[in-house]
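One file, protein_18.txt, carrying compact mmCIF, C-alpha atoms and all ligand atoms:
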# COMPACT_ATOMS: atom_id res chain seq x y z
CA LEU A 250 91.76 155.49 136.61
CA PRO A 251 91.17 154.98 140.35
CA ALA A 252 90.19 151.43 141.28
CA THR A 253 86.48 151.32 142.05
CA LYS A 254 85.62 149.95 145.47
CA PRO A 255 83.02 147.16 145.38
CA ALA A 256 79.64 148.39 146.63
CA GLU A 257 79.00 147.84 150.34
CA LEU A 258 76.94 144.82 151.33
CA PRO A 259 73.46 145.77 152.57
CA GLU A 260 72.23 145.93 156.18
CA LEU A 261 68.73 146.17 157.62
CA THR A 262 67.67 147.16 161.10
CA THR A 263 64.43 146.33 162.89
CA PRO A 264 63.40 147.33 166.43
CA ARG A 265 65.30 144.36 167.93
CA LEU A 266 67.65 143.13 165.20
CA ARG A 267 70.57 144.10 163.01
CA MET A 268 70.59 142.09 159.79
CA ARG A 269 73.81 142.03 157.81
CA HIS A 270 74.42 140.39 154.45
CA ALA A 271 76.55 137.24 154.88
CA ALA A 272 80.28 137.96 154.58
CA PRO A 273 83.48 135.95 155.25
CA GLY A 274 84.16 137.94 158.46
CA MET A 275 81.16 136.22 160.08
CA ALA A 276 82.49 132.70 159.41
CA ALA A 277 83.43 131.81 163.02
CA ALA A 278 80.09 133.08 164.40
CA LEU A 279 78.16 131.17 161.70
CA ALA A 280 80.07 127.96 162.45
CA GLN A 281 79.21 128.34 166.16
CA PHE A 282 75.54 129.02 165.32
CA MET A 283 75.31 125.82 163.25
CA THR A 284 77.16 123.72 165.84
CA ARG A 285 75.03 125.04 168.71
CA ASN A 286 71.78 124.31 166.83
CA GLU A 287 72.70 121.07 165.08
CA THR A 288 70.10 118.93 166.83
CA PHE A 289 67.44 121.66 166.73
CA PHE A 290 67.71 122.14 162.95
CA ARG A 291 68.15 118.46 161.98
CA ARG A 292 64.45 117.68 162.00
CA TRP A 293 63.56 120.42 159.48
CA ASP A 294 66.72 121.04 157.48
CA PRO A 295 68.42 119.24 154.58
CA PRO A 296 71.56 117.26 155.50
CA ARG A 297 74.64 119.46 155.96
CA PRO A 298 78.22 118.78 154.86
CA SER A 299 80.38 117.26 157.61
CA ASP A 300 82.43 120.48 157.95
CA VAL A 301 79.38 122.73 158.54
CA GLY A 302 80.64 123.47 162.05
CA THR A 303 83.95 124.91 160.82
CA ALA A 304 84.87 128.52 160.06
CA ALA A 305 86.61 127.32 156.86
CA HIS A 306 83.29 126.05 155.50
CA TRP A 307 81.57 129.37 156.24
CA ARG A 308 84.41 131.45 154.82
CA SER A 309 84.00 129.71 151.50
CA GLN A 310 80.17 129.65 151.73
CA SER A 311 80.11 133.39 152.54
CA ALA A 312 82.45 134.21 149.66
CA THR A 313 79.99 132.41 147.38
CA ALA A 314 77.12 134.29 149.05
CA VAL A 315 78.78 137.63 148.28
CA ARG A 316 79.40 136.62 144.64
CA GLU A 317 75.79 135.46 144.24
CA PHE A 318 74.48 138.67 145.83
CA ARG A 319 76.52 140.77 143.39
CA ALA A 320 75.25 138.61 140.50
CA GLY A 321 71.64 139.15 141.68
CA SER A 322 70.95 135.45 142.25
CA ALA A 323 70.72 135.32 146.07
CA VAL A 324 70.40 137.48 149.20
CA ARG A 325 71.53 135.89 152.48
CA TRP A 326 70.96 137.73 155.77
CA VAL A 327 72.65 136.99 159.08
CA LEU A 328 70.72 138.15 162.15
CA PHE A 329 72.25 139.72 165.26
CA ASP A 330 70.87 141.42 168.34
CA ARG A 331 70.50 145.11 167.43
CA THR A 332 72.51 146.36 170.41
CA ALA A 333 75.22 143.68 170.35
CA GLY A 334 78.86 144.41 169.51
CA PRO A 335 81.06 143.05 166.68
CA ARG A 336 81.70 139.68 168.41
CA ALA A 337 77.98 139.01 168.92
CA PRO A 338 76.59 135.50 168.36
CA VAL A 339 74.50 134.85 165.27
CA LEU A 340 70.78 134.74 166.15
CA GLY A 341 69.51 133.46 162.83
CA ARG A 342 69.75 133.28 159.07
CA ILE A 343 67.39 134.18 156.22
CA ASN A 344 68.22 133.13 152.67
CA PHE A 345 66.56 134.17 149.44
CA THR A 346 68.02 131.87 146.80
CA GLN A 347 67.14 130.69 143.28
CA ILE A 348 66.38 134.30 142.34
CA PHE A 349 65.15 134.51 138.77
CA HIS A 350 64.62 137.76 136.90
CA GLY A 351 62.58 138.60 133.79
CA PRO A 352 58.99 137.37 133.65
CA PHE A 353 59.40 135.17 136.79
CA GLN A 354 61.01 137.70 139.25
CA SER A 355 60.86 134.97 141.88
CA CYS A 356 62.92 133.49 144.72
CA VAL A 357 62.89 130.74 147.34
CA LEU A 358 62.96 131.62 151.04
CA GLY A 359 64.62 129.66 153.86
CA TYR A 360 65.17 130.61 157.53
CA GLN A 361 66.58 129.38 160.82
CA LEU A 362 66.52 130.90 164.28
CA ASP A 363 68.72 130.05 167.26
CA ALA A 364 66.83 127.66 169.55
CA GLY A 365 67.33 130.05 172.47
CA ALA A 366 65.72 132.95 170.57
CA GLU A 367 62.48 131.18 169.56
CA GLY A 368 59.02 132.28 170.61
CA LYS A 369 59.66 136.03 170.83
CA GLY A 370 58.43 137.01 167.38
CA LEU A 371 61.97 137.64 166.17
CA MET A 372 61.77 135.69 162.92
CA GLN A 373 58.52 137.41 162.03
CA GLU A 374 60.15 140.80 162.67
CA ALA A 375 63.19 139.86 160.57
CA LEU A 376 61.17 138.40 157.70
CA ARG A 377 58.95 141.49 157.47
CA ALA A 378 62.06 143.61 156.85
CA ALA A 379 63.70 141.05 154.55
CA ILE A 380 60.59 140.52 152.40
CA ASP A 381 60.06 144.28 152.17
CA ASP A 382 63.65 144.47 150.87
CA VAL A 383 63.22 141.73 148.21
CA PHE A 384 60.00 143.30 146.99
CA LYS A 385 60.99 146.99 147.08
CA VAL A 386 64.77 147.04 146.66
CA ARG A 387 65.40 143.81 144.69
CA SER A 388 62.11 144.25 142.76
CA LEU A 389 60.95 140.66 142.99
CA HIS A 390 57.33 139.68 142.38
CA ARG A 391 57.14 136.37 144.24
CA VAL A 392 58.64 134.61 147.26
CA GLN A 393 58.08 130.86 147.65
CA ALA A 394 58.58 128.99 150.93
CA ALA A 395 58.12 125.29 151.71
CA HIS A 396 57.57 123.69 155.11
CA MET A 397 56.85 120.18 156.37
CA PRO A 398 53.18 120.02 157.47
CA GLU A 399 54.42 118.94 160.95
CA ASN A 400 56.41 122.18 161.27
CA VAL A 401 53.49 124.01 162.83
CA ARG A 402 55.58 126.91 164.07
CA SER A 403 56.90 127.60 160.58
CA ALA A 404 53.40 127.24 159.10
CA ARG A 405 51.99 129.77 161.59
CA LEU A 406 54.85 132.17 160.91
CA LEU A 407 54.26 132.08 157.14
CA GLY A 408 50.50 132.47 157.67
CA ARG A 409 51.03 135.57 159.81
CA LEU A 410 53.26 137.03 157.10
CA GLY A 411 50.51 136.61 154.49
CA PHE A 412 51.87 133.56 152.63
CA ALA A 413 49.15 131.53 150.89
CA GLN A 414 49.23 127.77 150.49
CA ILE A 415 49.86 126.49 146.95
CA GLY A 416 49.48 122.81 147.82
CA LEU A 417 51.25 119.75 149.15
CA ALA A 418 54.29 118.67 147.16
CA ARG A 419 54.92 114.95 147.71
CA ARG A 420 58.37 113.69 148.71
CA TYR A 421 59.68 117.18 148.03
CA LEU A 422 62.94 117.42 150.04
CA PHE A 423 65.37 114.92 151.55
CA ILE A 424 65.37 115.82 155.26
CA ASP A 425 66.46 113.88 158.33
CA GLY A 426 66.98 110.66 156.41
CA ALA A 427 63.90 110.54 154.15
CA TRP A 428 62.02 112.29 151.35
CA ARG A 429 59.45 114.50 153.10
CA ASP A 430 56.21 115.98 151.81
CA HIS A 431 56.18 119.78 151.98
CA MET A 432 53.49 122.43 151.90
CA LEU A 433 54.44 124.97 149.24
CA THR A 434 53.47 128.56 150.00
CA GLU A 435 53.75 131.85 148.14
CA LYS A 436 53.66 135.56 148.80
CA ILE A 437 53.05 137.88 145.88
CA ASN A 438 54.23 141.49 145.62
CA ASP A 439 51.00 143.26 144.68
CA ALA A 440 52.84 146.59 144.37
CA PHE A 441 55.25 145.21 141.73
CA ASP A 442 56.22 147.78 139.13
CA VAL A 443 55.89 146.02 135.75
CA THR A 444 57.94 148.69 134.00
CA ARG A 445 61.01 147.17 135.72
CA ILE A 446 60.68 143.82 133.92
CA GLY A 447 63.56 143.40 131.55
CA SER A 448 65.78 145.91 133.40
CA ARG A 449 67.85 142.96 134.64
CA SER A 450 67.70 139.49 133.11
C1 LIG A 501 60.41 128.42 162.57
C2 LIG A 501 61.20 129.46 163.37
C3 LIG A 501 62.02 130.31 162.41
C4 LIG A 501 60.21 130.34 164.16
O1 LIG A 501 60.91 131.41 164.81
P1 LIG A 501 60.15 132.38 165.86
O2 LIG A 501 60.94 133.61 166.02
O3 LIG A 501 59.80 131.60 167.07
O4 LIG A 501 58.80 132.69 165.04
P2 LIG A 501 57.88 133.96 165.11
O5 LIG A 501 58.62 135.17 164.83
O6 LIG A 501 56.71 133.61 164.29
O7 LIG A 501 57.51 134.00 166.65
C5 LIG A 501 56.22 133.68 167.01
C6 LIG A 501 56.16 133.18 168.41
O8 LIG A 501 56.68 134.16 169.31
C7 LIG A 501 55.65 134.56 170.24
N1 LIG A 501 55.88 135.97 170.54
C8 LIG A 501 56.36 136.44 171.72
N2 LIG A 501 56.54 137.76 171.64
C9 LIG A 501 56.16 138.16 170.40
C10 LIG A 501 56.12 139.42 169.74
N3 LIG A 501 56.53 140.54 170.33
N4 LIG A 501 55.67 139.47 168.46
C11 LIG A 501 55.25 138.34 167.85
N5 LIG A 501 55.28 137.11 168.43
C12 LIG A 501 55.74 137.03 169.70
C13 LIG A 501 54.36 134.22 169.54
O9 LIG A 501 53.34 133.99 170.45
C14 LIG A 501 54.73 132.95 168.78
O10 LIG A 501 54.72 131.83 169.61
P3 LIG A 501 54.08 130.46 169.08
O11 LIG A 501 54.84 130.08 167.80
O12 LIG A 501 54.32 129.52 170.20
O13 LIG A 501 52.65 130.79 168.79
C15 LIG A 501 62.16 128.77 164.39
O14 LIG A 501 61.38 128.02 165.27
C16 LIG A 501 63.20 127.86 163.76
O15 LIG A 501 64.22 128.31 163.28
N6 LIG A 501 62.95 126.53 163.78
C17 LIG A 501 63.90 125.52 163.34
C18 LIG A 501 64.25 125.60 161.87
C19 LIG A 501 63.02 125.67 160.98
O16 LIG A 501 62.00 125.12 161.28
N7 LIG A 501 63.17 126.39 159.88
C20 LIG A 501 62.09 126.54 158.91
C21 LIG A 501 61.97 125.35 158.00
S1 LIG A 501 60.59 125.54 156.91
Conversion result in structure tokens:
Amino acid sequence: LPATKPAELPELTTPRLRMRHAAPGMAAALAQFMTRNETFFRRWDPPRPSDVGTAAHWRSQSATAVREFRAGSAVRWVLFDRTAGPRAPVLGRINFTQIFHGPFQSCVLGYQLDAGAEGKGLMQEALRAAIDDVFKVRSLHRVQAAHMPENVRSARLLGRLGFAQIGLARRYLFIDGAWRDHMLTEKINDAFDVTRIGSRS
């Protein structure tokens, strides 16, 4: 029998962005993205391993990302300028992790944009496409996102995308040296097709 080729990893395009699923070939660009933005992300992001600025770290992380995508437990997008070539810098990341199937059909959303690309509506544009994909293509019913109340930009972004506040979770995540309260938010897929429950568990 001929060996079957593994299915291609997905891509999404928006008016300004090309979004590719994380893959080991992007390791060097991801390492540069994290190094470049280390100070910018520190205030809002969990602590990173000491080798987060190395391609070796991202090669192994991306291999895990591909395995988890194929297992249906995560979808991790890497954002590039739509017109940029193959050596383009990474503009941002969007991760849907902790995907559960069956009666929960839920996931947790995280995102980061390059400091130099902020304030142009790019993350909103990317998240619209990515959330459309998790609802329509991955058939999820719920996306949850958490932000520190002080992260006003993130709060506004989620509000614009139609996320509703669930409530304040105390000492929720260890960020920048301390346990930080987080506002939990949710977006529900009102067009969810219930006949798909149980098709993947
Ligand atoms: C939070 C974060 C993703 C926001 O990215 P962003 O691309 O600036 O967010 P948006 O897509 O919502 O852009 C909206 C901003 O662009 C402006 N904008 C300019 N052109 C626009 C356009 N064509 N369409 C929409 N908004 C536009 C808006 O006025 C708005 O500015 P404001 O936030 O000052 O009001 C980014 O700041 C980031 O990565 N921060 C650090 C990490 C972090 O906080 N992660 C999230 C942890 S919960």
Discussion item. With distances taken over only C-alpha atoms, which residue among A:Gln361, A:Asp425, A:Phe318, A:Gln281 lies nearest Ala304 (chain A)?
Written reply: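 So, comparing all the options, the nearest one is A:Gln281.
Proximity of A:Arg342, A:Gln373, A:Trp428, A:Leu433 to Phe290 (chain A), computed with all atoms listed in the file, is greatest for A:Arg342.
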Worksheet entry | Selected residue of minimal separation from Arg291 (chain A) among A:Leu407, A:Ala271, A:Leu266, A:Ala427, counting all atoms listed in the file |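 When distances to Arg291 (chain A) are compared using all atoms listed in the file, the smallest one comes from A:Ala427.
Of the residues listed (A:Gly351, A:Gly416, A:Gly341, A:Gly302), A:Gly341 shows the shortest atom-to-atom separation from ligand LIG 501 (chain A); distances use all atoms listed in the file.
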Worksheet entry | Environment of ligand LIG 501 (chain A) within 6 Å, counting only C-alpha atoms and all ligand atoms, reported as a VMD selection string | chain A and resid 290 293 360 to 362 367 to 373 395 to 396 402 to 403 406
Store the residues of this selection in a file with C-alpha atoms, as a PDB file, in the coordinates of the input.
ATOM      1  CA  PHE A 290      67.710 122.140 162.950  1.00  0.00           C
ATOM      2  CA  TRP A 293      63.560 120.420 159.480  1.00  0.00           C
ATOM      3  CA  TYR A 360      65.170 130.610 157.530  1.00  0.00           C
ATOM      4  CA  GLN A 361      66.580 129.380 160.820  1.00  0.00           C
ATOM      5  CA  LEU A 362      66.520 130.900 164.280  1.00  0.00           C
ATOM      6  CA  GLU A 367      62.480 131.180 169.560  1.00  0.00           C
ATOM      7  CA  GLY A 368      59.020 132.280 170.610  1.00  0.00           C
ATOM      8  CA  LYS A 369      59.660 136.030 170.830  1.00  0.00           C
ATOM      9  CA  GLY A 370      58.430 137.010 167.380  1.00  0.00           C
ATOM     10  CA  LEU A 371      61.970 137.640 166.170  1.00  0.00           C
ATOM     11  CA  MET A 372      61.770 135.690 162.920  1.00  0.00           C
ATOM     12  CA  GLN A 373      58.520 137.410 162.030  1.00  0.00           C
ATOM     13  CA  ALA A 395      58.120 125.290 151.710  1.00  0.00           C
ATOM     14  CA  HIS A 396      57.570 123.690 155.110  1.00  0.00           C
ATOM     15  CA  ARG A 402      55.580 126.910 164.070  1.00  0.00           C
ATOM     16  CA  SER A 403      56.900 127.600 160.580  1.00  0.00           C
ATOM     17  CA  LEU A 406      54.850 132.170 160.910  1.00  0.00           C
TER      18      LEU A 406
END
Worksheet entry | Given all atoms listed in the file as the counted atoms, nearest of A:Ala280, A:Glu287, A:Asp381, A:Met397 to Ile437 (chain A) |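 Nearest to Ile437 (chain A): A:Asp381.
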Worksheet, complete the sentence: The distance between CA of Pro338 (chain A) and CA of Met275 (chain A) is 9.5 Å
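Of note, CA of Phe423 (chain A) and CA of Pro296 (chain A) are spaced 7.7 Å apart.
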Worksheet item: With all atoms listed in the file as the basis for distance, which of A:Leu328, A:Met283, A:Leu340, A:Ala256 is at the shortest distance from Arg316 (chain A)?
Response: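 Looking at the shortest contact to Arg316 (chain A), the residue is A:Ala256.
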Please check which residues have atoms at most 12 Å from (85.0, 134.5, 161.2) in the file's coordinates, counting all atoms listed in the file, and write them as an mmCIF file with C-alpha atoms, in the frame of the given file.
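Here's the written file selection24.cif:
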data_model
loop_
_atom_site.group_PDB
_atom_site.id
_atom_site.type_symbol
_atom_site.label_atom_id
_atom_site.label_comp_id
_atom_site.auth_asym_id
_atom_site.auth_seq_id
_atom_site.Cartn_x
_atom_site.Cartn_y
_atom_site.Cartn_z
ATOM 1 C CA ALA A 271 76.550 137.240 154.880
ATOM 2 C CA ALA A 272 80.280 137.960 154.580
ATOM 3 C CA PRO A 273 83.480 135.950 155.250
ATOM 4 C CA GLY A 274 84.160 137.940 158.460
ATOM 5 C CA MET A 275 81.160 136.220 160.080
ATOM 6 C CA ALA A 276 82.490 132.700 159.410
ATOM 7 C CA ALA A 277 83.430 131.810 163.020
ATOM 8 C CA ALA A 278 80.090 133.080 164.400
ATOM 9 C CA LEU A 279 78.160 131.170 161.700
ATOM 10 C CA ALA A 280 80.070 127.960 162.450
ATOM 11 C CA GLN A 281 79.210 128.340 166.160
ATOM 12 C CA PHE A 282 75.540 129.020 165.320
ATOM 13 C CA GLY A 302 80.640 123.470 162.050
ATOM 14 C CA THR A 303 83.950 124.910 160.820
ATOM 15 C CA ALA A 304 84.870 128.520 160.060
ATOM 16 C CA ALA A 305 86.610 127.320 156.860
ATOM 17 C CA HIS A 306 83.290 126.050 155.500
ATOM 18 C CA TRP A 307 81.570 129.370 156.240
ATOM 19 C CA ARG A 308 84.410 131.450 154.820
ATOM 20 C CA SER A 309 84.000 129.710 151.500
ATOM 21 C CA GLN A 310 80.170 129.650 151.730
ATOM 22 C CA SER A 311 80.110 133.390 152.540
ATOM 23 C CA ALA A 312 82.450 134.210 149.660
ATOM 24 C CA PRO A 335 81.060 143.050 166.680
ATOM 25 C CA ARG A 336 81.700 139.680 168.410
ATOM 26 C CA ALA A 337 77.980 139.010 168.920
ATOM 27 C CA PRO A 338 76.590 135.500 168.360
ATOM 28 C CA VAL A 339 74.500 134.850 165.270
#
Worksheet item: At what distance in Å, to one decimal, does CA of Glu374 (chain A) lie from CA of Thr263 (chain A)?
Response: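 Separation of CA of Thr263 (chain A) and CA of Glu374 (chain A): 7.0 Å.
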Practice prompt. Skip Ile380 (chain A) itself and residues of its chain fewer than 3 positions away, then list as a list in words all residues within 10 Å of it, counting only C-alpha atoms.
Written response: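 Those residues are Phe345, Leu358, Ala375, Leu376, Arg377, Val383, Phe384, Lys385, Val386, Arg387, Leu389, Arg391, Val392, Leu410, Lys436 and Asn438 of chain A.
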Mind filling out region 296-314 of chain A with N, CA, C and O atoms and sending it as a PDB file, in the frame of the given file?
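The resulting result_13.pdb:
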ATOM      1  N   PRO A 296      70.280 117.663 154.908  1.00  0.00           N
ATOM      2  CA  PRO A 296      71.560 117.260 155.500  1.00  0.00           C
ATOM      3  C   PRO A 296      72.643 118.280 155.180  1.00  0.00           C
ATOM      4  O   PRO A 296      72.640 118.881 154.105  1.00  0.00           O
ATOM      5  N   ARG A 297      73.560 118.468 156.121  1.00  0.00           N
ATOM      6  CA  ARG A 297      74.640 119.460 155.960  1.00  0.00           C
ATOM      7  C   ARG A 297      75.948 118.740 155.706  1.00  0.00           C
ATOM      8  O   ARG A 297      76.143 117.617 156.191  1.00  0.00           O
ATOM      9  N   PRO A 298      76.903 119.390 155.020  1.00  0.00           N
ATOM     10  CA  PRO A 298      78.220 118.780 154.860  1.00  0.00           C
ATOM     11  C   PRO A 298      78.879 118.584 156.233  1.00  0.00           C
ATOM     12  O   PRO A 298      78.543 119.287 157.192  1.00  0.00           O
ATOM     13  N   SER A 299      79.814 117.616 156.307  1.00  0.00           N
ATOM     14  CA  SER A 299      80.380 117.260 157.610  1.00  0.00           C
ATOM     15  C   SER A 299      81.181 118.417 158.227  1.00  0.00           C
ATOM     16  O   SER A 299      81.376 118.460 159.439  1.00  0.00           O
ATOM     17  N   ASP A 300      81.630 119.371 157.395  1.00  0.00           N
ATOM     18  CA  ASP A 300      82.430 120.480 157.950  1.00  0.00           C
ATOM     19  C   ASP A 300      81.585 121.730 158.233  1.00  0.00           C
ATOM     20  O   ASP A 300      82.118 122.825 158.365  1.00  0.00           O
ATOM     21  N   VAL A 301      80.263 121.564 158.360  1.00  0.00           N
ATOM     22  CA  VAL A 301      79.380 122.730 158.540  1.00  0.00           C
ATOM     23  C   VAL A 301      79.653 123.491 159.841  1.00  0.00           C
ATOM     24  O   VAL A 301      79.323 124.657 159.971  1.00  0.00           O
ATOM     25  N   GLY A 302      80.317 122.818 160.792  1.00  0.00           N
ATOM     26  CA  GLY A 302      80.640 123.470 162.050  1.00  0.00           C
ATOM     27  C   GLY A 302      82.006 124.162 162.048  1.00  0.00           C
ATOM     28  O   GLY A 302      82.483 124.580 163.102  1.00  0.00           O
ATOM     29  N   THR A 303      82.617 124.293 160.874  1.00  0.00           N
ATOM     30  CA  THR A 303      83.950 124.910 160.820  1.00  0.00           C
ATOM     31  C   THR A 303      83.893 126.301 160.166  1.00  0.00           C
ATOM     32  O   THR A 303      83.078 126.551 159.269  1.00  0.00           O
ATOM     33  N   ALA A 304      84.788 127.176 160.640  1.00  0.00           N
ATOM     34  CA  ALA A 304      84.870 128.520 160.060  1.00  0.00           C
ATOM     35  C   ALA A 304      85.297 128.437 158.592  1.00  0.00           C
ATOM     36  O   ALA A 304      84.853 129.245 157.761  1.00  0.00           O
ATOM     37  N   ALA A 305      86.133 127.443 158.252  1.00  0.00           N
ATOM     38  CA  ALA A 305      86.610 127.320 156.860  1.00  0.00           C
ATOM     39  C   ALA A 305      85.419 127.124 155.911  1.00  0.00           C
ATOM     40  O   ALA A 305      85.347 127.740 154.840  1.00  0.00           O
ATOM     41  N   HIS A 306      84.478 126.276 156.321  1.00  0.00           N
ATOM     42  CA  HIS A 306      83.290 126.050 155.500  1.00  0.00           C
ATOM     43  C   HIS A 306      82.542 127.375 155.272  1.00  0.00           C
ATOM     44  O   HIS A 306      82.143 127.697 154.151  1.00  0.00           O
ATOM     45  N   TRP A 307      82.372 128.152 156.350  1.00  0.00           N
ATOM     46  CA  TRP A 307      81.570 129.370 156.240  1.00  0.00           C
ATOM     47  C   TRP A 307      82.300 130.487 155.540  1.00  0.00           C
ATOM     48  O   TRP A 307      81.668 131.366 154.946  1.00  0.00           O
ATOM     49  N   ARG A 308      83.665 130.454 155.604  1.00  0.00           N
ATOM     50  CA  ARG A 308      84.410 131.450 154.820  1.00  0.00           C
ATOM     51  C   ARG A 308      84.158 131.228 153.344  1.00  0.00           C
ATOM     52  O   ARG A 308      83.867 132.169 152.603  1.00  0.00           O
ATOM     53  N   SER A 309      84.213 129.980 152.924  1.00  0.00           N
ATOM     54  CA  SER A 309      84.000 129.710 151.500  1.00  0.00           C
ATOM     55  C   SER A 309      82.526 129.909 151.127  1.00  0.00           C
ATOM     56  O   SER A 309      82.208 130.492 150.086  1.00  0.00           O
ATOM     57  N   GLN A 310      81.612 129.487 151.999  1.00  0.00           N
ATOM     58  CA  GLN A 310      80.170 129.650 151.730  1.00  0.00           C
ATOM     59  C   GLN A 310      79.825 131.139 151.639  1.00  0.00           C
ATOM     60  O   GLN A 310      79.059 131.552 150.778  1.00  0.00           O
ATOM     61  N   SER A 311      80.422 131.953 152.530  1.00  0.00           N
ATOM     62  CA  SER A 311      80.110 133.390 152.540  1.00  0.00           C
ATOM     63  C   SER A 311      80.699 134.098 151.324  1.00  0.00           C
ATOM     64  O   SER A 311      80.106 135.053 150.811  1.00  0.00           O
ATOM     65  N   ALA A 312      81.868 133.624 150.878  1.00  0.00           N
ATOM     66  CA  ALA A 312      82.450 134.210 149.660  1.00  0.00           C
ATOM     67  C   ALA A 312      81.521 133.951 148.478  1.00  0.00           C
ATOM     68  O   ALA A 312      81.267 134.837 147.646  1.00  0.00           O
ATOM     69  N   THR A 313      80.971 132.734 148.425  1.00  0.00           N
ATOM     70  CA  THR A 313      79.990 132.410 147.380  1.00  0.00           C
ATOM     71  C   THR A 313      78.744 133.282 147.536  1.00  0.00           C
ATOM     72  O   THR A 313      78.193 133.792 146.556  1.00  0.00           O
ATOM     73  N   ALA A 314      78.310 133.473 148.793  1.00  0.00           N
ATOM     74  CA  ALA A 314      77.120 134.290 149.050  1.00  0.00           C
ATOM     75  C   ALA A 314      77.312 135.715 148.528  1.00  0.00           C
ATOM     76  O   ALA A 314      76.405 136.288 147.925  1.00  0.00           O
TER      77      ALA A 314
END
